[in-house]
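Okay, so here's the structure we're looking at.
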Amino acid sequence: MTTLQIPTLATSRLLDYLHRRRGEMQTLLETLVQIETPSTVPAAQVPMLTVLAQELRRRQFRVRSLSGRNTGGHLFAIAPRTPQQPAQLLIGHCDTVWPVGTLAHMPLTISQGKLYGPGSYDMKAGLVILLFALDAVQALGGDWPIAPAVVINSDEEIGSGESTQLIRRLAQVCDRALIFEPSLGPQGHLKTARKGVGRFTVTVFGQAAHAGLDPDKGASAILELSHVIQQLFALNDPDRGITVNVGTIDGGLRPNVVAPQSRAVVDVRVLHGADVPTLEAAIHGLQPTTPGTRLEISGRIGRPPMEATPGNQHLWQLAQTVAADLGLDLAQETAGGGSDGNTTSLYTPTLDGLGAVGDGAHAPGEFVYLDSLIERAALTAKLLIAAPVNPKT
């Protein structure tokens, strides 16, 4: 492990500094929420990425804008560093699940210490926390003992298909990764494990026939799909943390035709990496039971599980110590959803859920507690200057 000269941030000075910046934090969050950024509309990402690039440059980061093939692109920024200086990876995303026009019926509002708006909790408030934690260290701590490298992607909500390669490459050379996804629950718990996520499509091919005149000449793809669905649900194993859900089905031509084709789209969640090959093999190995039908199956578990590795646990223990110094009582949790932390955790100690405290991700009424911006920025600032506590494991 590299020996570092670690500065300290006095808690009282840090909190006082962030309280004085509270209005600016809220203003930036309002700006970000009012820029609608659905993952599937690349052009919508440009204004958001422009604002974030400006914010990072104001903090003396070297910023590269990376073009996307099917996305709005991504940002990579790093603080000035010496060639041998260790680095830490900070990741957030600027895309949301909300379509353009959502603000018209779900406007940004502030009430009783909460800011409501699409994407506020997941995860534009996390970006604000990241930026103002950087401010706090620069204002109160001076030079970086571990240089922060920031990635802000625009495709996390659709699986990070384009940005994963960059994230994987950086995770392999950084001492740790901090993920600014929203926290869990009203207490703001951190995430040290996440389920892996997969999507599969099962298409059944049958034989069309007249449902009244020649039903025996047909082979119903819908009948076969009903058998397949039962086999898929039988793969659920709560004790192992495996969930298999057939989320959508479609098929058939019209009521008086034996269905020649049907399809199911399946969501799969898995807690342990050791279960991934077995589960994938079970889904791809499904066989038809209805004569005259055949199956075509595609998909995989694209996000591997983020497991509670020794490295993740050491980083969590460091965060717990830092939180106690701030008067925060934090717990660690396992999340059912995936994030870019699933990728970084394969290569380096990872701590997720450093974003804001709130509720309603992907749901009407999404909000953040504005006061949580201060405490989460303080927690992050102290983590940023803490020495690595273990080898990459």
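We label chains A, B, ... in the order they appear in the structure tokens, count residues from 1 in each chain, and number ligands from 1 in the order shown.
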Review point. Which polymer residues have any atom within 10 Å of an atom of Leu32 (chain A), counting only C-alpha atoms, with same-chain residues fewer than 5 positions away left out, as a list in words?
Key: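 That gives Gln26, Thr27, Thr37, Pro47, Met48, Leu49, Val51, Leu52, Cys94, Gly119, Ser120, Lys124, Ala125, Leu127 and Val128 of chain A.
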Exercise for review: Write out as a ChimeraX atom specification the residues lying within 8 Å of Pro182 (chain A), counting only C-alpha atoms and excluding same-chain residues fewer than 4 positions away.
Suggested key: /A:121-123,126,353-358
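Comparing the minimum interatomic distances between Leu279 (chain A) and each of A:Val173, A:Leu184, A:Ile301, A:Ala208, counting only C-alpha atoms, we find that A:Ile301 sits nearest.
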Check your understanding: What is the distance, in Å and to one decimal place, between CA of His227 (chain A) and CA of Val202 (chain A)?
Key ->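 Separating CA of His227 (chain A) from CA of Val202 (chain A) is a distance of 11.9 Å.
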Point to revise | Residue nearest Gly101 (chain A) - candidates A:Pro80, A:Pro364, A:Pro38, A:Gly23, atoms counted: only C-alpha atoms | key: A:Pro38
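Rounded to one decimal, CA of Ile249 (chain A) and CA of Gln261 (chain A) lie 11.0 Å from each other.
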So which bits of region 210-276 of chain A end up helix (DSSP H, G or I) when you DSSP the backbone, as a JSON list (two decimals) with N, CA, C and O atoms, in the first residue's frame?
```
[["chain", "number", "residue", "atom", "x", "y", "z"],
["A", 215, "PRO", "N", -58.09, -27.08, -35.86],
["A", 215, "PRO", "CA", -57.22, -26.82, -34.70],
["A", 215, "PRO", "C", -56.11, -27.84, -34.55],
["A", 215, "PRO", "O", -55.02, -27.51, -34.08],
["A", 216, "ASP", "N", -56.37, -29.10, -34.96],
["A", 216, "ASP", "CA", -55.36, -30.13, -34.80],
["A", 216, "ASP", "C", -54.15, -29.94, -35.72],
["A", 216, "ASP", "O", -53.09, -30.54, -35.50],
["A", 217, "LYS", "N", -54.34, -29.11, -36.77],
["A", 217, "LYS", "CA", -53.23, -28.85, -37.68],
["A", 217, "LYS", "C", -52.30, -27.74, -37.16],
["A", 217, "LYS", "O", -51.25, -27.49, -37.75],
["A", 221, "ALA", "N", -48.31, -21.50, -30.07],
["A", 221, "ALA", "CA", -47.16, -20.90, -29.39],
["A", 221, "ALA", "C", -47.56, -20.33, -28.04],
["A", 221, "ALA", "O", -46.73, -20.29, -27.12],
["A", 222, "ILE", "N", -48.80, -19.92, -27.91],
["A", 222, "ILE", "CA", -49.25, -19.37, -26.62],
["A", 222, "ILE", "C", -49.37, -20.48, -25.59],
["A", 222, "ILE", "O", -48.99, -20.30, -24.42],
["A", 223, "LEU", "N", -49.90, -21.64, -26.00],
["A", 223, "LEU", "CA", -49.96, -22.77, -25.06],
["A", 223, "LEU", "C", -48.56, -23.14, -24.58],
["A", 223, "LEU", "O", -48.34, -23.35, -23.38],
["A", 224, "GLU", "N", -47.62, -23.23, -25.52],
["A", 224, "GLU", "CA", -46.26, -23.57, -25.12],
["A", 224, "GLU", "C", -45.67, -22.49, -24.22],
["A", 224, "GLU", "O", -44.98, -22.80, -23.23],
["A", 225, "LEU", "N", -45.93, -21.23, -24.53],
["A", 225, "LEU", "CA", -45.41, -20.16, -23.68],
["A", 225, "LEU", "C", -45.94, -20.28, -22.26],
["A", 225, "LEU", "O", -45.22, -19.99, -21.30],
["A", 226, "SER", "N", -47.18, -20.71, -22.10],
["A", 226, "SER", "CA", -47.72, -20.88, -20.75],
["A", 226, "SER", "C", -46.92, -21.90, -19.96],
["A", 226, "SER", "O", -46.71, -21.76, -18.75],
["A", 227, "HIS", "N", -46.46, -22.97, -20.62],
["A", 227, "HIS", "CA", -45.61, -23.97, -19.95],
["A", 227, "HIS", "C", -44.24, -23.37, -19.62],
["A", 227, "HIS", "O", -43.69, -23.60, -18.53],
["A", 228, "VAL", "N", -43.69, -22.62, -20.56],
["A", 228, "VAL", "CA", -42.38, -22.00, -20.34],
["A", 228, "VAL", "C", -42.43, -21.05, -19.16],
["A", 228, "VAL", "O", -41.51, -21.02, -18.32],
["A", 229, "ILE", "N", -43.48, -20.26, -19.08],
["A", 229, "ILE", "CA", -43.61, -19.30, -17.98],
["A", 229, "ILE", "C", -43.57, -20.00, -16.64],
["A", 229, "ILE", "O", -42.91, -19.54, -15.68],
["A", 230, "GLN", "N", -44.25, -21.13, -16.53],
["A", 230, "GLN", "CA", -44.25, -21.87, -15.26],
["A", 230, "GLN", "C", -42.85, -22.39, -14.94],
["A", 230, "GLN", "O", -42.44, -22.39, -13.77],
["A", 231, "GLN", "N", -42.13, -22.82, -15.96],
["A", 231, "GLN", "CA", -40.75, -23.29, -15.72],
["A", 231, "GLN", "C", -39.86, -22.13, -15.27],
["A", 231, "GLN", "O", -38.98, -22.32, -14.41],
["A", 232, "LEU", "N", -40.08, -20.96, -15.85],
["A", 232, "LEU", "CA", -39.27, -19.81, -15.46],
["A", 232, "LEU", "C", -39.55, -19.40, -14.02],
["A", 232, "LEU", "O", -38.61, -19.16, -13.24],
["A", 233, "PHE", "N", -40.81, -19.32, -13.65],
["A", 233, "PHE", "CA", -41.12, -18.94, -12.27],
["A", 233, "PHE", "C", -40.63, -19.98, -11.27],
["A", 233, "PHE", "O", -40.33, -19.65, -10.12],
["A", 238, "PRO", "N", -35.82, -17.75, -3.25],
["A", 238, "PRO", "CA", -35.62, -16.66, -2.29],
["A", 238, "PRO", "C", -34.44, -16.87, -1.36],
["A", 238, "PRO", "O", -33.75, -15.92, -0.98],
["A", 239, "ASP", "N", -34.18, -18.14, -0.97],
["A", 239, "ASP", "CA", -33.08, -18.40, -0.05],
["A", 239, "ASP", "C", -31.73, -18.07, -0.67],
["A", 239, "ASP", "O", -30.79, -17.71, 0.04],
["A", 240, "ARG", "N", -31.62, -18.16, -1.99],
["A", 240, "ARG", "CA", -30.38, -17.83, -2.69],
["A", 240, "ARG", "C", -30.41, -16.41, -3.23],
["A", 240, "ARG", "O", -29.43, -15.97, -3.86],
["A", 273, "GLY", "N", -22.51, -14.40, -7.48],
["A", 273, "GLY", "CA", -21.91, -14.64, -8.79],
["A", 273, "GLY", "C", -21.81, -16.11, -9.13],
["A", 273, "GLY", "O", -21.89, -16.50, -10.30],
["A", 274, "ALA", "N", -21.67, -16.96, -8.12],
["A", 274, "ALA", "CA", -21.54, -18.40, -8.37],
["A", 274, "ALA", "C", -22.80, -18.99, -9.00],
["A", 274, "ALA", "O", -22.74, -20.04, -9.65],
["A", 275, "ASP", "N", -23.93, -18.31, -8.80],
["A", 275, "ASP", "CA", -25.20, -18.82, -9.35],
["A", 275, "ASP", "C", -25.44, -18.39, -10.79],
["A", 275, "ASP", "O", -26.37, -18.90, -11.43],
["A", 276, "VAL", "N", -24.65, -17.45, -11.29],
["A", 276, "VAL", "CA", -24.91, -16.90, -12.63],
["A", 276, "VAL", "C", -24.83, -17.97, -13.72],
["A", 276, "VAL", "O", -25.75, -18.12, -14.52]]
```
Check your understanding: Taking into account only C-alpha atoms, which residue in the set A:Ser65, A:Thr248, A:Thr290, A:Gln84 is nearest to Ile152 (chain A)?
Key ->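 The answer is A:Ser65, which sits nearest to Ile152 (chain A).
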Exercise for review: Work out how far CA of Gly117 (chain A) is from CA of Trp98 (chain A), in Å to one decimal.
Suggested key: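 Between CA of Trp98 (chain A) and CA of Gly117 (chain A) the gap is 10.2 Å.
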Exercise for review: Find the spatial neighbours of Pro291 (chain A), counting only C-alpha atoms, within a cut-off of 9 Å - ignore same-chain residues fewer than 3 positions away - and output them as a ChimeraX atom specification.
Suggested key: /A:206,219,224,288,294
Exercise for review: Fewer than 6 positions away in the same chain doesn't count, so skip those; otherwise give me all residues within 12 Å of Thr343 (chain A), counting only C-alpha atoms, as a PyMOL selection string.
Suggested key: chain A and resi 91+156+159-161+163-172+177-179+193-197+302-307+349-352
Keeping only C-alpha atoms, write the selected residues to a file as a tab-separated table (two decimals), in the first residue's frame.
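Written out: result20.tsv:
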```
chain	number	residue	atom	x	y	z
A	91	ILE	CA	-19.24	7.60	-10.59
A	156	GLU	CA	-26.87	3.84	-16.58
A	159	GLY	CA	-27.64	-0.88	-18.51
A	160	SER	CA	-24.50	1.25	-19.16
A	161	GLY	CA	-23.93	-0.56	-22.43
A	163	SER	CA	-19.94	3.33	-20.65
A	164	THR	CA	-19.13	0.00	-18.99
A	165	GLN	CA	-15.90	-0.46	-20.95
A	166	LEU	CA	-14.56	2.87	-19.65
A	167	ILE	CA	-15.72	2.15	-16.11
A	168	ARG	CA	-14.16	-1.32	-16.14
A	169	ARG	CA	-10.84	0.03	-17.40
A	170	LEU	CA	-10.69	2.74	-14.73
A	171	ALA	CA	-11.77	0.43	-11.90
A	172	GLN	CA	-8.79	-1.79	-12.63
A	177	ALA	CA	-14.78	3.38	-6.27
A	178	LEU	CA	-17.45	5.59	-4.76
A	179	ILE	CA	-20.89	5.42	-6.38
A	193	ALA	CA	-23.92	-5.49	-2.18
A	194	ARG	CA	-26.33	-5.51	-5.11
A	195	LYS	CA	-28.02	-8.21	-7.09
A	196	GLY	CA	-26.85	-8.92	-10.59
A	197	VAL	CA	-29.37	-8.13	-13.31
A	302	GLY	CA	-25.40	-8.35	-18.09
A	303	ARG	CA	-24.68	-6.80	-14.70
A	304	PRO	CA	-22.86	-9.26	-12.42
A	305	PRO	CA	-23.70	-9.17	-8.72
A	306	MET	CA	-21.93	-6.68	-6.50
A	307	GLU	CA	-20.98	-8.95	-3.64
A	349	PRO	CA	-13.32	-1.94	-3.28
A	350	THR	CA	-16.64	-0.23	-3.92
A	351	LEU	CA	-19.11	1.70	-1.81
A	352	ASP	CA	-22.50	2.56	-3.27
```
Check your understanding: Which of region 79-133 of chain A counts as strand (DSSP E) under DSSP, as a list in words please?
Key -> Ala87, Gln88, Leu89, Leu90, Ile91, Gly92, His93, Thr109, Ile110, Ser111, Lys114, Leu115 and Tyr116 of chain A
Check your understanding: Which is closest to Ala363 (chain A) among A:Pro118, A:Arg64, A:Tyr17, A:Val322, if we use only C-alpha atoms?
Key ->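 Among the listed residues, the smallest separation from Ala363 (chain A) belongs to A:Pro118.
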Practice item. Find, counting only C-alpha atoms, the residue in A:Leu29, A:Ala324, A:Leu384, A:Ala308 that gets nearest to Pro145 (chain A). Key: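 Counting only C-alpha atoms, the residue closest to Pro145 (chain A) is A:Leu384.
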Check your understanding: Hey, what's within 9 Å of Leu330 (chain A) if we count only C-alpha atoms and toss same-chain stuff fewer than 2 positions away? As a PyMOL selection string, please?
Key -> chain A and resi 187-190+319-320+323-324+328+332
Check your understanding: Which residue out of A:Pro86, A:Gly311, A:Gly218, A:Gly285 has the minimum interatomic distance to Pro148 (chain A) when only C-alpha atoms are used?
Key -> A:Pro86
**Study point:** Exercise: His284 (chain A) partners within 8 Å, only C-alpha atoms, chain neighbours under 3 positions left out, as a ChimeraX atom specification
**Key:** /A:280-281,297-298
Practice item. Could you give me, as a PyMOL selection string, the residues within 8 Å of region 7-14 of chain A, counting only C-alpha atoms and dropping anything in the same chain fewer than 6 positions from it? Key: chain A and resi 136-137+140-142+145+325-326+378+382+385
